[in-house]
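Shown next, in structure tokens, is the structure this report addresses.
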Amino acid sequence: MDRLRFAIGQRVRIRDLPVPGHMRTPRYVRGRTGEVTQYCGSFRNPETLAYGGNGMPTRGLYRVRLRQGDLWSGYRGSGQDTLEIEIYEHWLAEVGKGAPDAP
Amino acid sequence: MPHDSAGHTPIDMPDDPDARIIRALKALLIGRGFFSADDVRRKIEELQSPAPARGAALVAAAWSDPAFRAHLLADGKVAAAERGVPVLEAGLIVVENTPSLHNLITCTLCSCYPRSLLGQPPPWYTSKAYRARSVRDPRGVLAELGWTPPRGIAIRVHDSTADMRYLVLPRRPDGTEGWPEGDLARLVTRDSMIGVAPALSPSAVGRDPSGI
């Protein structure tokens with residue numbers, strides 16, 4: 001079993017890293033805060049895999065749940081509506097730890 | 001009878017610059033012997049052959065067998081494989097609709113889709129409009145597609161951004177108690193497994209609800 005960097009239920013902030021090119025963290029969730037709901041395993045890093053690299057070391061992949069009301073100003077749905085998204089561990093930071101958004 | 005060609009634009013392969021580059025690259029690779037034209041045709045056939053019936057069979061099995069339902073929700077890929085439905089492209093997460101929660105699948109970055117289970121995605125799924133609006137205004141998108149979930153049901157959007165693919169386990173329609181799996185599967189549409197519609201009602205497939 002891999003050692004998990006984040007616990008299920010933990011509040012996390014999705015970092016806004018200046019990574020150009022192919023990455024799997026869409027802009028609309030960067031800088032936002034949510035809750036870890038699941039650990040999906042460890043996968044080769046698409047940011048290097050996409051450019052002929054071997055994607056090593058692998059990165060832990062987590063599902064993060066965000067409240068729609070926190071994502072969009074003037075969200076038109078219900079306050080109970082949520083969004084879940086897969087985020088690699090190097091794009092996540094503990095809330096309140098203030099990790100700098102640098103590579 | 002004369003052939004009537006009026007009012008019909010000829011169907012043609014796209015001729016944008018990307019398509020030209022792809023055709024040139026394909027011709028080069030075939031010319032150098034990396035693969036044959038038949039390999040390309042066969043791969044396209046293989047990619048396009050899985051029908052939503054594979055996903056529907058899993059849903060019908062989950063509705064019929066509580067132990068399989070639990071397994072499918074806990075470890076989708078392994079559970080599907082045990083039913084003879086291998087999911088080769090990625091991991092599989094099955095999300096269950098309940099009386100208080102409705103799930104909707106999208107891929108904002110590209111076109112991730114559970115192709116092993118549902119085949120190729122419909123054109124609207126890969127459109128920029130769906131990808132942008134499904135995350136920002138899921139209720140508006142659902143209403144435009146013809147279904148308005150009650151306010152009391154929370155909507156959860158799943159953006160498949162990385163190494164997982166998603167399948168919605170729709171709610172089992174009322175009036176289907178005791179139905180065999182094969183009949184249940186007919187109620188499970190592709191769109192109900194993407195989460196843009198509920199499963200069909202018994203009357204939609206010409207069957208009276210059971211027990212009435």
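By order in the structure tokens, chains are A, B, ...; within a chain, residues start at 1; ligands start at 1, following the order shown.
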
Output the contact residues of chain A with respect to chain B at a cut-off of 6 Å, based on only C-alpha atoms, as a list in words. Arg24, Gln80, Asp81, Thr82, Leu83, Glu84, Ile85 and Glu86 of chain A

Minimum-distance residue to Glu177 in chain B, chosen among B:Ser64, B:Lys128, B:Ala51, B:Gly119 (using only C-alpha atoms):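 Looking at the shortest contact to Glu177 in chain B, the residue is B:Ser64.
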
Within 7 Å of range 4-12 of chain A, counting only C-alpha atoms, which residues qualify if same-chain residues fewer than 5 places away don't, as a PyMOL selection string? chain A and resi 33-38+92-95

For the selection you just gave me, I'd like the residues written to a file as a tab-separated table (two decimals), in the first residue's frame, keeping N, CA, C and O atoms.
```
chain	number	residue	atom	x	y	z
A	33	THR	N	-10.67	25.29	-2.92
A	33	THR	CA	-10.55	24.39	-1.79
A	33	THR	C	-11.67	23.36	-1.82
A	33	THR	O	-12.81	23.68	-2.12
A	34	GLY	N	-11.31	22.12	-1.51
A	34	GLY	CA	-12.30	21.06	-1.47
A	34	GLY	C	-11.90	19.99	-0.48
A	34	GLY	O	-11.01	20.20	0.36
A	35	GLU	N	-12.56	18.83	-0.59
A	35	GLU	CA	-12.36	17.75	0.36
A	35	GLU	C	-11.96	16.48	-0.39
A	35	GLU	O	-12.58	16.14	-1.40
A	36	VAL	N	-10.94	15.80	0.10
A	36	VAL	CA	-10.51	14.54	-0.52
A	36	VAL	C	-11.57	13.48	-0.27
A	36	VAL	O	-11.99	13.26	0.88
A	37	THR	N	-12.04	12.81	-1.34
A	37	THR	CA	-13.05	11.76	-1.16
A	37	THR	C	-12.51	10.37	-1.46
A	37	THR	O	-13.10	9.39	-1.04
A	38	GLN	N	-11.42	10.28	-2.21
A	38	GLN	CA	-10.95	8.95	-2.61
A	38	GLN	C	-9.50	9.03	-3.08
A	38	GLN	O	-9.10	10.04	-3.68
A	92	LEU	N	-1.87	19.37	-5.07
A	92	LEU	CA	-2.67	19.55	-3.85
A	92	LEU	C	-1.81	20.09	-2.72
A	92	LEU	O	-0.63	19.75	-2.61
A	93	ALA	N	-2.41	20.92	-1.88
A	93	ALA	CA	-1.72	21.43	-0.69
A	93	ALA	C	-2.67	21.35	0.49
A	93	ALA	O	-3.90	21.46	0.32
A	94	GLU	N	-2.10	21.15	1.69
A	94	GLU	CA	-2.94	21.18	2.88
A	94	GLU	C	-3.48	22.58	3.07
A	94	GLU	O	-2.77	23.56	2.87
A	95	VAL	N	-4.73	22.66	3.45
A	95	VAL	CA	-5.32	23.98	3.69
A	95	VAL	C	-4.63	24.62	4.88
A	95	VAL	O	-4.41	23.99	5.91
```

List every residue of range 2-103 of chain A that DSSP, applied to the backbone of this structure, assigns to alpha helix (DSSP H), and report them as a list of chain:residue names.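 Residues meeting the alpha helix (DSSP H) criterion: A:Pro46, A:Glu47, A:Thr48, A:Leu49, A:Gln68, A:Gly69, A:Asp70, A:Leu71.
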
Nearest-residue call for Arg59 in chain A, choices A:Arg3, A:Tyr75, A:Cys40, A:His90, using only C-alpha atoms: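 The closest residue to Arg59 in chain A is A:His90.
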
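If you measure from each of B:Tyr113, B:Tyr130, B:Phe34, B:Phe68 to Pro52 in chain B using only C-alpha atoms, the closest one turns out to be B:Tyr113.
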
Got a sec: who's within 12 Å of Gly55 in chain B, counting only C-alpha atoms, leaving out chain neighbours fewer than 6 positions off, as a PDB file with N, CA, C and O atoms, in the first residue's frame?
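File written: part39.pdb
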```pdb
ATOM      1  N   ALA B  61     -27.335  -5.996 -14.004  1.00  0.00           N
ATOM      2  CA  ALA B  61     -26.828  -6.968 -13.031  1.00  0.00           C
ATOM      3  C   ALA B  61     -26.762  -6.352 -11.634  1.00  0.00           C
ATOM      4  O   ALA B  61     -27.099  -7.007 -10.640  1.00  0.00           O
ATOM      5  N   ALA B  62     -26.348  -5.073 -11.575  1.00  0.00           N
ATOM      6  CA  ALA B  62     -26.266  -4.387 -10.274  1.00  0.00           C
ATOM      7  C   ALA B  62     -27.661  -4.208  -9.664  1.00  0.00           C
ATOM      8  O   ALA B  62     -27.834  -4.303  -8.443  1.00  0.00           O
ATOM      9  N   LEU B  72     -19.439  -3.556  -7.656  1.00  0.00           N
ATOM     10  CA  LEU B  72     -19.286  -2.622  -8.773  1.00  0.00           C
ATOM     11  C   LEU B  72     -18.982  -1.206  -8.267  1.00  0.00           C
ATOM     12  O   LEU B  72     -18.159  -0.487  -8.828  1.00  0.00           O
ATOM     13  N   GLY B  76     -15.009  -0.904  -9.571  1.00  0.00           N
ATOM     14  CA  GLY B  76     -15.705  -1.048 -10.847  1.00  0.00           C
ATOM     15  C   GLY B  76     -14.973  -1.905 -11.857  1.00  0.00           C
ATOM     16  O   GLY B  76     -15.568  -2.759 -12.512  1.00  0.00           O
ATOM     17  N   LYS B  77     -13.671  -1.687 -11.949  1.00  0.00           N
ATOM     18  CA  LYS B  77     -12.909  -2.383 -12.989  1.00  0.00           C
ATOM     19  C   LYS B  77     -12.889  -3.894 -12.760  1.00  0.00           C
ATOM     20  O   LYS B  77     -13.104  -4.681 -13.688  1.00  0.00           O
ATOM     21  N   ALA B  80     -16.477  -5.395 -13.193  1.00  0.00           N
ATOM     22  CA  ALA B  80     -16.861  -5.484 -14.602  1.00  0.00           C
ATOM     23  C   ALA B  80     -16.135  -6.644 -15.276  1.00  0.00           C
ATOM     24  O   ALA B  80     -16.735  -7.412 -16.037  1.00  0.00           O
ATOM     25  N   ALA B  81     -14.844  -6.786 -14.972  1.00  0.00           N
ATOM     26  CA  ALA B  81     -14.055  -7.853 -15.592  1.00  0.00           C
ATOM     27  C   ALA B  81     -14.616  -9.221 -15.214  1.00  0.00           C
ATOM     28  O   ALA B  81     -14.648 -10.138 -16.034  1.00  0.00           O
ATOM     29  N   ARG B  83     -17.594  -9.981 -14.826  1.00  0.00           N
ATOM     30  CA  ARG B  83     -18.778 -10.232 -15.661  1.00  0.00           C
ATOM     31  C   ARG B  83     -18.407 -10.313 -17.143  1.00  0.00           C
ATOM     32  O   ARG B  83     -19.274 -10.208 -18.008  1.00  0.00           O
ATOM     33  N   GLY B  84     -17.126 -10.437 -17.433  1.00  0.00           N
ATOM     34  CA  GLY B  84     -16.708 -10.575 -18.820  1.00  0.00           C
ATOM     35  C   GLY B  84     -16.698  -9.277 -19.587  1.00  0.00           C
ATOM     36  O   GLY B  84     -16.761  -9.280 -20.815  1.00  0.00           O
ATOM     37  N   VAL B  85     -16.627  -8.136 -18.870  1.00  0.00           N
ATOM     38  CA  VAL B  85     -16.586  -6.833 -19.529  1.00  0.00           C
ATOM     39  C   VAL B  85     -15.291  -6.121 -19.131  1.00  0.00           C
ATOM     40  O   VAL B  85     -15.264  -5.370 -18.155  1.00  0.00           O
ATOM     41  N   PRO B  86     -14.202  -6.370 -19.839  1.00  0.00           N
ATOM     42  CA  PRO B  86     -12.938  -5.738 -19.456  1.00  0.00           C
ATOM     43  C   PRO B  86     -12.939  -4.239 -19.781  1.00  0.00           C
ATOM     44  O   PRO B  86     -13.420  -3.831 -20.833  1.00  0.00           O
ATOM     45  N   VAL B  87     -12.441  -3.460 -18.841  1.00  0.00           N
ATOM     46  CA  VAL B  87     -12.272  -2.017 -19.064  1.00  0.00           C
ATOM     47  C   VAL B  87     -10.774  -1.782 -19.203  1.00  0.00           C
ATOM     48  O   VAL B  87     -10.040  -1.824 -18.228  1.00  0.00           O
ATOM     49  N   LEU B  92     -12.025   2.376 -13.401  1.00  0.00           N
ATOM     50  CA  LEU B  92     -13.463   2.628 -13.562  1.00  0.00           C
ATOM     51  C   LEU B  92     -14.078   2.956 -12.210  1.00  0.00           C
ATOM     52  O   LEU B  92     -13.919   2.194 -11.250  1.00  0.00           O
ATOM     53  N   VAL B  94     -17.779   3.711 -10.602  1.00  0.00           N
ATOM     54  CA  VAL B  94     -19.222   3.689 -10.843  1.00  0.00           C
ATOM     55  C   VAL B  94     -19.880   4.521  -9.749  1.00  0.00           C
ATOM     56  O   VAL B  94     -19.611   4.323  -8.562  1.00  0.00           O
ATOM     57  N   PRO B 114     -16.082   6.248 -20.913  1.00  0.00           N
ATOM     58  CA  PRO B 114     -15.865   4.807 -20.700  1.00  0.00           C
ATOM     59  C   PRO B 114     -16.154   4.014 -21.975  1.00  0.00           C
ATOM     60  O   PRO B 114     -17.169   3.336 -22.099  1.00  0.00           O
ATOM     61  N   ARG B 115     -15.225   4.108 -22.931  1.00  0.00           N
ATOM     62  CA  ARG B 115     -15.468   3.546 -24.274  1.00  0.00           C
ATOM     63  C   ARG B 115     -15.646   2.037 -24.263  1.00  0.00           C
ATOM     64  O   ARG B 115     -16.381   1.495 -25.086  1.00  0.00           O
ATOM     65  N   SER B 116     -14.976   1.329 -23.346  1.00  0.00           N
ATOM     66  CA  SER B 116     -15.145  -0.125 -23.277  1.00  0.00           C
ATOM     67  C   SER B 116     -16.587  -0.501 -22.979  1.00  0.00           C
ATOM     68  O   SER B 116     -17.047  -1.569 -23.346  1.00  0.00           O
ATOM     69  N   LEU B 117     -17.277   0.380 -22.259  1.00  0.00           N
ATOM     70  CA  LEU B 117     -18.631   0.061 -21.812  1.00  0.00           C
ATOM     71  C   LEU B 117     -19.704   0.700 -22.673  1.00  0.00           C
ATOM     72  O   LEU B 117     -20.793   0.163 -22.821  1.00  0.00           O
ATOM     73  N   LEU B 118     -19.411   1.876 -23.233  1.00  0.00           N
ATOM     74  CA  LEU B 118     -20.453   2.637 -23.944  1.00  0.00           C
ATOM     75  C   LEU B 118     -20.124   2.891 -25.409  1.00  0.00           C
ATOM     76  O   LEU B 118     -20.919   3.503 -26.114  1.00  0.00           O
ATOM     77  N   GLY B 119     -18.980   2.451 -25.883  1.00  0.00           N
ATOM     78  CA  GLY B 119     -18.609   2.744 -27.269  1.00  0.00           C
ATOM     79  C   GLY B 119     -18.061   4.159 -27.405  1.00  0.00           C
ATOM     80  O   GLY B 119     -17.530   4.719 -26.453  1.00  0.00           O
ATOM     81  N   TYR B 166     -15.796   7.049 -15.766  1.00  0.00           N
ATOM     82  CA  TYR B 166     -16.963   7.041 -14.892  1.00  0.00           C
ATOM     83  C   TYR B 166     -18.181   6.450 -15.574  1.00  0.00           C
ATOM     84  O   TYR B 166     -18.393   6.663 -16.779  1.00  0.00           O
ATOM     85  N   LEU B 167     -18.968   5.713 -14.809  1.00  0.00           N
ATOM     86  CA  LEU B 167     -20.238   5.187 -15.286  1.00  0.00           C
ATOM     87  C   LEU B 167     -21.284   5.501 -14.229  1.00  0.00           C
ATOM     88  O   LEU B 167     -21.064   5.257 -13.031  1.00  0.00           O
ATOM     89  N   VAL B 168     -22.413   6.050 -14.667  1.00  0.00           N
ATOM     90  CA  VAL B 168     -23.502   6.314 -13.726  1.00  0.00           C
ATOM     91  C   VAL B 168     -24.346   5.042 -13.603  1.00  0.00           C
ATOM     92  O   VAL B 168     -24.710   4.420 -14.604  1.00  0.00           O
ATOM     93  N   LEU B 169     -24.633   4.672 -12.348  1.00  0.00           N
ATOM     94  CA  LEU B 169     -25.602   3.603 -12.080  1.00  0.00           C
ATOM     95  C   LEU B 169     -26.947   4.291 -11.848  1.00  0.00           C
ATOM     96  O   LEU B 169     -27.183   4.856 -10.779  1.00  0.00           O
ATOM     97  N   PRO B 170     -27.823   4.277 -12.863  1.00  0.00           N
ATOM     98  CA  PRO B 170     -29.086   5.018 -12.713  1.00  0.00           C
ATOM     99  C   PRO B 170     -29.981   4.351 -11.672  1.00  0.00           C
ATOM    100  O   PRO B 170     -29.760   3.206 -11.280  1.00  0.00           O
ATOM    101  N   ALA B 185     -32.105  -4.544 -18.748  1.00  0.00           N
ATOM    102  CA  ALA B 185     -31.057  -3.886 -19.540  1.00  0.00           C
ATOM    103  C   ALA B 185     -31.657  -3.022 -20.650  1.00  0.00           C
ATOM    104  O   ALA B 185     -31.050  -2.026 -21.061  1.00  0.00           O
ATOM    105  N   ARG B 186     -32.847  -3.381 -21.121  1.00  0.00           N
ATOM    106  CA  ARG B 186     -33.471  -2.591 -22.191  1.00  0.00           C
ATOM    107  C   ARG B 186     -33.881  -1.197 -21.703  1.00  0.00           C
ATOM    108  O   ARG B 186     -34.124  -0.294 -22.498  1.00  0.00           O
ATOM    109  N   LEU B 187     -33.969  -1.025 -20.399  1.00  0.00           N
ATOM    110  CA  LEU B 187     -34.356   0.284 -19.836  1.00  0.00           C
ATOM    111  C   LEU B 187     -33.139   1.205 -19.667  1.00  0.00           C
ATOM    112  O   LEU B 187     -33.290   2.397 -19.390  1.00  0.00           O
ATOM    113  N   VAL B 188     -31.949   0.623 -19.809  1.00  0.00           N
ATOM    114  CA  VAL B 188     -30.719   1.364 -19.483  1.00  0.00           C
ATOM    115  C   VAL B 188     -30.128   1.953 -20.762  1.00  0.00           C
ATOM    116  O   VAL B 188     -29.490   1.257 -21.541  1.00  0.00           O
ATOM    117  N   THR B 189     -30.353   3.219 -20.987  1.00  0.00           N
ATOM    118  CA  THR B 189     -29.850   3.873 -22.199  1.00  0.00           C
ATOM    119  C   THR B 189     -28.439   4.397 -21.978  1.00  0.00           C
ATOM    120  O   THR B 189     -27.981   4.560 -20.840  1.00  0.00           O
ATOM    121  N   ARG B 190     -27.767   4.657 -23.073  1.00  0.00           N
ATOM    122  CA  ARG B 190     -26.447   5.282 -23.007  1.00  0.00           C
ATOM    123  C   ARG B 190     -26.514   6.569 -22.176  1.00  0.00           C
ATOM    124  O   ARG B 190     -25.696   6.811 -21.283  1.00  0.00           O
ATOM    125  N   ASP B 191     -27.493   7.407 -22.491  1.00  0.00           N
ATOM    126  CA  ASP B 191     -27.549   8.714 -21.834  1.00  0.00           C
ATOM    127  C   ASP B 191     -27.819   8.600 -20.335  1.00  0.00           C
ATOM    128  O   ASP B 191     -27.365   9.440 -19.554  1.00  0.00           O
ATOM    129  N   SER B 192     -28.534   7.535 -19.931  1.00  0.00           N
ATOM    130  CA  SER B 192     -28.770   7.364 -18.489  1.00  0.00           C
ATOM    131  C   SER B 192     -27.472   6.993 -17.784  1.00  0.00           C
ATOM    132  O   SER B 192     -27.310   7.260 -16.592  1.00  0.00           O
ATOM    133  N   MET B 193     -26.533   6.385 -18.514  1.00  0.00           N
ATOM    134  CA  MET B 193     -25.248   6.012 -17.899  1.00  0.00           C
ATOM    135  C   MET B 193     -24.229   7.154 -17.955  1.00  0.00           C
ATOM    136  O   MET B 193     -23.195   7.103 -17.292  1.00  0.00           O
ATOM    137  N   ILE B 194     -24.504   8.182 -18.767  1.00  0.00           N
ATOM    138  CA  ILE B 194     -23.710   9.419 -18.723  1.00  0.00           C
ATOM    139  C   ILE B 194     -24.305  10.342 -17.661  1.00  0.00           C
ATOM    140  O   ILE B 194     -23.622  11.194 -17.103  1.00  0.00           O
TER     141      ILE B 194
END
```

Could you list, as a list in words, every residue within 6 Å of Gly60 in chain A, counting only C-alpha atoms and ignoring same-chain residues fewer than 6 positions away?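 The contact residues come out as Gly41, Ser42, Tyr88 and Glu89 of chain A.
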